[in-house]
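Dropping final_36.pdb in here (PDB, C-alpha atoms, pLDDT in the B column):
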ATOM      1  CA  MET O 961     101.156 126.099  62.319  1.00 50.00           C
ATOM      2  CA  GLY O 962      99.974 122.529  61.970  1.00 63.00           C
ATOM      3  CA  TRP O 963      98.017 120.205  64.161  1.00 71.00           C
ATOM      4  CA  GLY O 964     100.900 117.721  64.423  1.00 72.00           C
ATOM      5  CA  LYS O 965     102.198 118.547  67.909  1.00 82.00           C
ATOM      6  CA  PRO O 966      98.816 118.703  69.716  1.00 84.00           C
ATOM      7  CA  VAL O 967      97.561 115.564  67.941  1.00 86.00           C
ATOM      8  CA  ARG O 968     100.774 113.685  68.734  1.00 86.00           C
ATOM      9  CA  ARG O 969     100.563 114.765  72.376  1.00 87.00           C
ATOM     10  CA  MET O 970      96.936 113.637  72.593  1.00 90.00           C
ATOM     11  CA  VAL O 971      97.675 110.249  70.987  1.00 89.00           C
ATOM     12  CA  PHE O 972     100.646 109.635  73.278  1.00 89.00           C
ATOM     13  CA  SER O 973      98.560 110.699  76.285  1.00 90.00           C
ATOM     14  CA  VAL O 974      95.758 108.286  75.424  1.00 90.00           C
ATOM     15  CA  VAL O 975      98.074 105.359  74.607  1.00 89.00           C
ATOM     16  CA  GLY O 976     100.231 105.945  77.688  1.00 89.00           C
ATOM     17  CA  GLY O 977      97.184 106.382  79.905  1.00 88.00           C
ATOM     18  CA  VAL O 978      95.598 103.171  78.651  1.00 87.00           C
ATOM     19  CA  LEU O 979      98.832 101.229  79.200  1.00 86.00           C
ATOM     20  CA  VAL O 980      99.165 102.593  82.746  1.00 88.00           C
ATOM     21  CA  ALA O 981      95.494 101.870  83.518  1.00 88.00           C
ATOM     22  CA  VAL O 982      95.644  98.296  82.167  1.00 81.00           C
ATOM     23  CA  GLY O 983      98.958  97.750  83.946  1.00 81.00           C
ATOM     24  CA  ALA O 984      97.480  99.016  87.210  1.00 85.00           C
ATOM     25  CA  ALA O 985      94.561  96.609  86.819  1.00 80.00           C
ATOM     26  CA  LEU O 986      96.989  93.772  86.145  1.00 74.00           C
ATOM     27  CA  LEU O 987      98.798  94.502  89.407  1.00 77.00           C
ATOM     28  CA  VAL O 988      95.897  92.770  91.149  1.00 75.00           C
ATOM     29  CA  LEU O 989      94.840  90.508  88.262  1.00 66.00           C
ATOM     30  CA  PRO O 990      97.033  87.831  86.680  1.00 60.00           C
ATOM     31  CA  GLY O 991      99.318  89.481  84.188  1.00 63.00           C
ATOM     32  CA  PRO O 992     102.442  91.570  83.656  1.00 69.00           C
ATOM     33  CA  GLY O 993     101.172  94.694  85.431  1.00 78.00           C
ATOM     34  CA  LEU O 994     104.448  96.439  86.218  1.00 84.00           C
ATOM     35  CA  LEU O 995     105.791  95.956  82.705  1.00 82.00           C
ATOM     36  CA  LEU O 996     102.689  97.589  81.232  1.00 83.00           C
ATOM     37  CA  VAL O 997     102.827 100.420  83.782  1.00 89.00           C
ATOM     38  CA  LEU O 998     106.469 100.934  82.765  1.00 90.00           C
ATOM     39  CA  ALA O 999     105.559 100.940  79.062  1.00 89.00           C
ATOM     40  CA  GLY O1000     102.794 103.480  79.655  1.00 90.00           C
ATOM     41  CA  LEU O1001     105.059 105.636  81.771  1.00 93.00           C
ATOM     42  CA  LEU O1002     107.738 105.622  79.071  1.00 92.00           C
ATOM     43  CA  VAL O1003     105.169 106.715  76.471  1.00 92.00           C
ATOM     44  CA  LEU O1004     103.845 109.464  78.745  1.00 93.00           C
ATOM     45  CA  ALA O1005     107.325 110.637  79.758  1.00 93.00           C
ATOM     46  CA  SER O1006     108.212 111.169  76.095  1.00 91.00           C
ATOM     47  CA  GLU O1007     105.603 113.958  76.008  1.00 90.00           C
ATOM     48  CA  PHE O1008     105.626 115.016  79.666  1.00 90.00           C
ATOM     49  CA  PRO O1009     109.253 115.218  80.885  1.00 90.00           C
ATOM     50  CA  ALA O1010     108.161 115.762  84.506  1.00 91.00           C
ATOM     51  CA  LEU O1011     107.123 112.087  84.591  1.00 90.00           C
ATOM     52  CA  GLN O1012     110.662 110.952  83.764  1.00 91.00           C
ATOM     53  CA  ARG O1013     111.565 110.863  87.469  1.00 93.00           C
ATOM     54  CA  TYR O1014     109.130 107.962  87.975  1.00 92.00           C
ATOM     55  CA  VAL O1015     110.547 105.835  85.157  1.00 92.00           C
ATOM     56  CA  GLY O1016     113.698 104.694  87.008  1.00 92.00           C
ATOM     57  CA  PRO O1017     112.046 103.321  90.142  1.00 93.00           C
ATOM     58  CA  VAL O1018     109.263 101.631  88.154  1.00 91.00           C
ATOM     59  CA  ARG O1019     111.835 100.151  85.736  1.00 91.00           C
ATOM     60  CA  ILE O1020     113.819  98.649  88.623  1.00 92.00           C
ATOM     61  CA  ARG O1021     110.709  97.064  90.175  1.00 90.00           C
ATOM     62  CA  ALA O1022     109.401  95.864  86.789  1.00 86.00           C
ATOM     63  CA  MET O1023     112.692  94.193  85.871  1.00 86.00           C
ATOM     64  CA  LYS O1024     112.848  92.544  89.313  1.00 87.00           C
ATOM     65  CA  ALA O1025     109.279  91.279  88.857  1.00 82.00           C
ATOM     66  CA  ALA O1026     110.152  89.991  85.377  1.00 80.00           C
ATOM     67  CA  GLU O1027     113.159  88.133  86.781  1.00 83.00           C
ATOM     68  CA  ASP O1028     111.091  86.701  89.641  1.00 82.00           C
ATOM     69  CA  SER O1029     108.395  85.498  87.237  1.00 79.00           C
ATOM     70  CA  VAL O1030     110.847  83.129  85.530  1.00 83.00           C
ATOM     71  CA  ALA O1031     113.077  82.351  88.508  1.00 84.00           C
ATOM     72  CA  THR O1032     111.868  78.776  88.953  1.00 86.00           C
ATOM     73  CA  PRO O1033     110.349  76.161  86.655  1.00 89.00           C
ATOM     74  CA  LEU O1034     107.233  76.150  88.843  1.00 89.00           C
ATOM     75  CA  ARG O1035     106.650  79.879  88.235  1.00 85.00           C
ATOM     76  CA  VAL O1036     107.185  79.464  84.497  1.00 86.00           C
ATOM     77  CA  ALA O1037     104.728  76.558  84.465  1.00 88.00           C
ATOM     78  CA  GLY O1038     102.191  78.625  86.412  1.00 85.00           C
ATOM     79  CA  SER O1039     102.511  81.483  83.944  1.00 83.00           C
ATOM     80  CA  VAL O1040     102.141  79.135  80.969  1.00 88.00           C
ATOM     81  CA  LEU O1041      99.045  77.547  82.525  1.00 90.00           C
ATOM     82  CA  THR O1042      97.580  81.000  83.182  1.00 85.00           C
ATOM     83  CA  GLY O1043      98.216  81.974  79.552  1.00 86.00           C
ATOM     84  CA  LEU O1044      96.587  78.781  78.297  1.00 93.00           C
ATOM     85  CA  ALA O1045      93.626  79.375  80.615  1.00 91.00           C
ATOM     86  CA  LEU O1046      93.222  82.894  79.219  1.00 88.00           C
ATOM     87  CA  LEU O1047      93.314  81.591  75.644  1.00 93.00           C
ATOM     88  CA  GLY O1048      90.814  78.841  76.451  1.00 94.00           C
ATOM     89  CA  ALA O1049      88.512  81.233  78.284  1.00 92.00           C
ATOM     90  CA  GLY O1050      88.696  83.634  75.354  1.00 91.00           C
ATOM     91  CA  VAL O1051      87.619  80.942  72.919  1.00 94.00           C
ATOM     92  CA  ALA O1052      84.850  79.819  75.278  1.00 93.00           C
ATOM     93  CA  TRP O1053      83.550  83.368  75.756  1.00 91.00           C
ATOM     94  CA  GLY O1054      83.640  83.907  72.020  1.00 91.00           C
ATOM     95  CA  LEU O1055      81.766  80.724  71.145  1.00 92.00           C
ATOM     96  CA  VAL O1056      79.246  80.522  74.015  1.00 90.00           C
ATOM     97  CA  PRO O1057      76.984  83.588  73.927  1.00 80.00           C
ATOM     98  CA  GLY O1058      75.122  82.532  77.094  1.00 87.00           C
ATOM     99  CA  LEU O1059      78.107  83.320  79.331  1.00 85.00           C
ATOM    100  CA  PRO O1060      78.083  86.648  81.186  1.00 87.00           C
ATOM    101  CA  PHE O1061      79.425  89.296  78.810  1.00 82.00           C
ATOM    102  CA  GLY O1062      79.577  86.524  76.202  1.00 82.00           C
ATOM    103  CA  GLY O1063      80.720  87.268  72.687  1.00 86.00           C
ATOM    104  CA  TRP O1064      83.879  87.919  70.771  1.00 89.00           C
ATOM    105  CA  SER O1065      84.520  91.343  72.296  1.00 86.00           C
ATOM    106  CA  THR O1066      85.185  89.716  75.673  1.00 85.00           C
ATOM    107  CA  GLY O1067      86.707  86.603  74.105  1.00 88.00           C
ATOM    108  CA  SER O1068      89.157  88.533  71.958  1.00 88.00           C
ATOM    109  CA  SER O1069      90.314  90.630  74.921  1.00 85.00           C
ATOM    110  CA  LEU O1070      90.998  87.440  76.902  1.00 85.00           C
ATOM    111  CA  ILE O1071      92.876  85.928  73.952  1.00 90.00           C
ATOM    112  CA  LEU O1072      94.885  89.130  73.539  1.00 86.00           C
ATOM    113  CA  SER O1073      95.719  89.078  77.272  1.00 82.00           C
ATOM    114  CA  GLY O1074      96.972  85.502  76.947  1.00 85.00           C
ATOM    115  CA  LEU O1075      99.123  86.370  73.945  1.00 88.00           C
ATOM    116  CA  ILE O1076     100.587  89.407  75.722  1.00 82.00           C
ATOM    117  CA  LEU O1077     101.334  87.215  78.745  1.00 81.00           C
ATOM    118  CA  PHE O1078     103.184  84.697  76.532  1.00 88.00           C
ATOM    119  CA  ALA O1079     105.143  87.447  74.750  1.00 87.00           C
ATOM    120  CA  LEU O1080     106.238  88.996  78.030  1.00 82.00           C
ATOM    121  CA  LEU O1081     107.010  85.593  79.514  1.00 85.00           C
ATOM    122  CA  VAL O1082     109.284  84.757  76.563  1.00 88.00           C
ATOM    123  CA  TRP O1083     110.916  88.194  76.836  1.00 84.00           C
ATOM    124  CA  SER O1084     111.483  87.749  80.586  1.00 84.00           C
ATOM    125  CA  TYR O1085     112.830  84.218  80.171  1.00 86.00           C
ATOM    126  CA  ARG O1086     115.266  85.249  77.421  1.00 87.00           C
ATOM    127  CA  ARG O1087     116.389  88.275  79.413  1.00 82.00           C
ATOM    128  CA  VAL O1088     117.149  86.184  82.500  1.00 82.00           C
ATOM    129  CA  HIS O1089     118.213  82.757  81.175  1.00 80.00           C
ATOM    130  CA  VAL O1090     119.719  83.300  77.720  1.00 79.00           C
ATOM    131  CA  LYS O1091     123.166  84.812  78.008  1.00 68.00           C
ATOM    132  CA  PRO O1092     124.621  86.588  74.938  1.00 65.00           C
TER     133      PRO O1092
END
As a first step, turn the structure in this file into structure tokens.
Amino acid sequence: MGWGKPVRRMVFSVVGGVLVAVGAALLVLPGPGLLLVLAGLLVLASEFPALQRYVGPVRIRAMKAAEDSVATPLRVAGSVLTGLALLGAGVAWGLVPGLPFGGWSTGSSLILSGLILFALLVWSYRRVHVKP
């Protein structure tokens, strides 16, 4: 017997849990919260089949939120400005050590958040506006 199955289950549990936790935080903060909750739930459901029943309802709400986020040019512009603000704040926090929690650990997480926002914005836009 190997350690493969328990290690895989632990890794999937941690990754899925982190995605759900970050997604839950982003439900009240600017960001693609429902999409990250969905991603975490999909990871967790691959190891814990009992969670599969929650995937459908969350998927429906996440896809609706993704569509709504790119429904108008004003919403797209707001999302782009938020992403640029996150990138700028990340650079500022990385370069100015006097800021609260200053340093590249905070700065890089803000930059990563901005990049994730742009990736999900592009995905949402293509899903809604680009017809195959």
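At a cut-off of 10 Å from (96.8, 96.0, 83.5), the residue set is Val978, Leu979, Val980, Ala981, Val982, Gly983, Ala984, Ala985, Leu986, Leu987, Val988, Leu989, Pro990, Gly991, Pro992, Gly993, Leu994, Leu995, Leu996, Val997 and Ser1073 of chain O (counting all atoms listed in the file).
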As a ChimeraX atom specification, please: the residues near range 1048-1050 of chain O (cut-off 8 Å, only C-alpha atoms, same-chain neighbours under 5 positions excluded). /O:1064,1066-1071
Please dump the current selection as an mmCIF file, in the frame of the given file; keep C-alpha atoms.
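Output below, filename result.cif:
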data_model
loop_
_atom_site.group_PDB
_atom_site.id
_atom_site.type_symbol
_atom_site.label_atom_id
_atom_site.label_comp_id
_atom_site.auth_asym_id
_atom_site.auth_seq_id
_atom_site.Cartn_x
_atom_site.Cartn_y
_atom_site.Cartn_z
ATOM 1 C CA TRP O 1064 83.879 87.919 70.771
ATOM 2 C CA THR O 1066 85.185 89.716 75.673
ATOM 3 C CA GLY O 1067 86.707 86.603 74.105
ATOM 4 C CA SER O 1068 89.157 88.533 71.958
ATOM 5 C CA SER O 1069 90.314 90.630 74.921
ATOM 6 C CA LEU O 1070 90.998 87.440 76.902
ATOM 7 C CA ILE O 1071 92.876 85.928 73.952
#
Report, in Å to a single decimal, how far apart CA of Tyr1014 in chain O and CA of Gly964 in chain O are.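 So the two atoms, CA of Gly964 in chain O and CA of Tyr1014 in chain O, lie 26.8 Å apart.
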Could you work out how far CA of Gly1074 in chain O lies from CA of Ala1025 in chain O, giving the answer in Å with one decimal? 18.1 Å
To one decimal place, how far is CA of Ala1031 in chain O from CA of Pro1017 in chain O in Å? 21.1 Å
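Compared by their closest atoms to Phe1008 in chain O, and using only C-alpha atoms, the residues O:Phe972, O:Gly1043, O:Leu1072, O:Ala1037 rank with O:Phe972 nearest.
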Residue among O:Leu998, O:Leu1047, O:Val1056, O:Arg1035 lying closest to Gln1012 in chain O, counting all atoms listed in the file: O:Leu998
Write out as a ChimeraX atom specification each polymer residue whose atoms come within 10 Å of Val971 in chain O, counting all atoms listed in the file; drop sequence neighbours fewer than 5 positions from it. /O:965-966,976-977,1003-1004
Centre and size of axis-aligned box enclosing range 1024-1035 of chain O plus 6 Å each side, as JSON:
{"center_x": 109.9, "center_y": 84.3, "center_z": 87.5, "size_x": 18.5, "size_y": 28.4, "size_z": 16.3}
Given the choices O:Leu1059, O:Val1051, O:Leu1081, O:Val1090, which gets closest to Val1036 in chain O if the distance is worked out from all atoms listed in the file?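 Between O:Leu1059, O:Val1051, O:Leu1081, O:Val1090, the residue approaching Val1036 in chain O most closely is O:Leu1081.
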Protein and nucleic acid residues near (114.7, 88.2, 85.2) (cut-off 8 Å, only C-alpha atoms) as a PyMOL selection string: chain O and resi 1023-1031+1084-1085+1087-1089
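Across O:Thr1032, O:Gly1058, O:Ser1006, O:Leu1001, the tightest approach to Arg968 in chain O is made by O:Ser1006 when counting all atoms listed in the file.
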From O:Glu1007, O:Leu1077, O:Arg1013, O:Gly1062, residue lying nearest Leu1041 in chain O [only C-alpha atoms]: O:Leu1077
Taking the partial coordinates given, rebuild range 1012-1023 of chain O to contain all heavy atoms; return it as a tab-separated table (two decimals), in the frame of the given file.
chain	number	residue	atom	x	y	z
O	1012	GLN	N	109.43	111.73	83.94
O	1012	GLN	CA	110.66	110.95	83.76
O	1012	GLN	C	111.22	110.48	85.10
O	1012	GLN	O	111.80	109.40	85.19
O	1012	GLN	CB	111.71	111.80	83.02
O	1012	GLN	CG	112.91	111.02	82.57
O	1012	GLN	CD	112.58	109.98	81.51
O	1012	GLN	OE1	111.75	110.20	80.64
O	1012	GLN	NE2	113.22	108.83	81.61
O	1013	ARG	N	111.01	111.24	86.16
O	1013	ARG	CA	111.56	110.86	87.47
O	1013	ARG	C	110.96	109.58	88.02
O	1013	ARG	O	111.51	108.94	88.89
O	1013	ARG	CB	111.41	111.99	88.46
O	1013	ARG	CG	109.98	112.26	88.84
O	1013	ARG	CD	109.89	113.34	89.90
O	1013	ARG	NE	108.51	113.55	90.24
O	1013	ARG	CZ	107.97	114.71	90.45
O	1013	ARG	NH1	108.70	115.79	90.35
O	1013	ARG	NH2	106.70	114.81	90.77
O	1014	TYR	N	109.78	109.19	87.51
O	1014	TYR	CA	109.13	107.96	87.98
O	1014	TYR	C	109.57	106.73	87.18
O	1014	TYR	O	109.34	105.61	87.60
O	1014	TYR	CB	107.61	108.09	87.89
O	1014	TYR	CG	107.06	109.20	88.76
O	1014	TYR	CD1	106.56	110.36	88.19
O	1014	TYR	CD2	107.06	109.08	90.14
O	1014	TYR	CE1	106.07	111.39	88.99
O	1014	TYR	CE2	106.57	110.10	90.94
O	1014	TYR	CZ	106.07	111.25	90.35
O	1014	TYR	OH	105.60	112.26	91.14
O	1015	VAL	N	110.19	106.95	86.03
O	1015	VAL	CA	110.55	105.84	85.16
O	1015	VAL	C	111.58	104.92	85.81
O	1015	VAL	O	111.44	103.70	85.80
O	1015	VAL	CB	111.04	106.35	83.78
O	1015	VAL	CG1	111.63	105.22	82.95
O	1015	VAL	CG2	109.91	107.03	83.03
O	1016	GLY	N	112.63	105.50	86.41
O	1016	GLY	CA	113.70	104.69	87.01
O	1016	GLY	C	113.22	103.74	88.08
O	1016	GLY	O	113.47	102.52	88.00
O	1017	PRO	N	112.52	104.23	89.10
O	1017	PRO	CA	112.05	103.32	90.14
O	1017	PRO	C	111.08	102.25	89.62
O	1017	PRO	O	111.16	101.09	90.05
O	1017	PRO	CB	111.34	104.24	91.14
O	1017	PRO	CG	111.90	105.59	90.89
O	1017	PRO	CD	112.27	105.63	89.45
O	1018	VAL	N	110.20	102.62	88.70
O	1018	VAL	CA	109.26	101.63	88.15
O	1018	VAL	C	110.02	100.61	87.31
O	1018	VAL	O	109.73	99.42	87.36
O	1018	VAL	CB	108.14	102.32	87.34
O	1018	VAL	CG1	107.29	101.29	86.61
O	1018	VAL	CG2	107.27	103.17	88.26
O	1019	ARG	N	111.03	101.07	86.55
O	1019	ARG	CA	111.84	100.15	85.74
O	1019	ARG	C	112.54	99.12	86.62
O	1019	ARG	O	112.54	97.92	86.32
O	1019	ARG	CB	112.85	100.92	84.90
O	1019	ARG	CG	113.77	99.98	84.11
O	1019	ARG	CD	114.76	100.72	83.26
O	1019	ARG	NE	114.05	101.15	82.05
O	1019	ARG	CZ	114.18	102.33	81.48
O	1019	ARG	NH1	114.99	103.23	81.99
O	1019	ARG	NH2	113.51	102.62	80.40
O	1020	ILE	N	113.11	99.56	87.73
O	1020	ILE	CA	113.82	98.65	88.62
O	1020	ILE	C	112.86	97.59	89.17
O	1020	ILE	O	113.15	96.39	89.14
O	1020	ILE	CB	114.49	99.44	89.77
O	1020	ILE	CG1	115.65	100.26	89.23
O	1020	ILE	CG2	114.95	98.50	90.88
O	1020	ILE	CD1	116.20	101.29	90.19
O	1021	ARG	N	111.68	98.02	89.63
O	1021	ARG	CA	110.71	97.06	90.18
O	1021	ARG	C	110.16	96.14	89.09
O	1021	ARG	O	109.93	94.96	89.33
O	1021	ARG	CB	109.58	97.81	90.88
O	1021	ARG	CG	110.11	98.49	92.15
O	1021	ARG	CD	109.05	98.94	93.07
O	1021	ARG	NE	108.34	97.79	93.61
O	1021	ARG	CZ	107.19	97.90	94.24
O	1021	ARG	NH1	106.64	99.08	94.41
O	1021	ARG	NH2	106.59	96.85	94.73
O	1022	ALA	N	109.94	96.68	87.89
O	1022	ALA	CA	109.40	95.86	86.79
O	1022	ALA	C	110.41	94.80	86.37
O	1022	ALA	O	110.03	93.65	86.12
O	1022	ALA	CB	109.02	96.75	85.61
O	1023	MET	N	111.67	95.17	86.27
O	1023	MET	CA	112.69	94.19	85.87
O	1023	MET	C	112.87	93.12	86.95
O	1023	MET	O	113.04	91.94	86.64
O	1023	MET	CB	114.03	94.89	85.59
O	1023	MET	CG	114.01	95.81	84.39
O	1023	MET	SD	113.47	94.99	82.87
O	1023	MET	CE	112.07	95.98	82.46
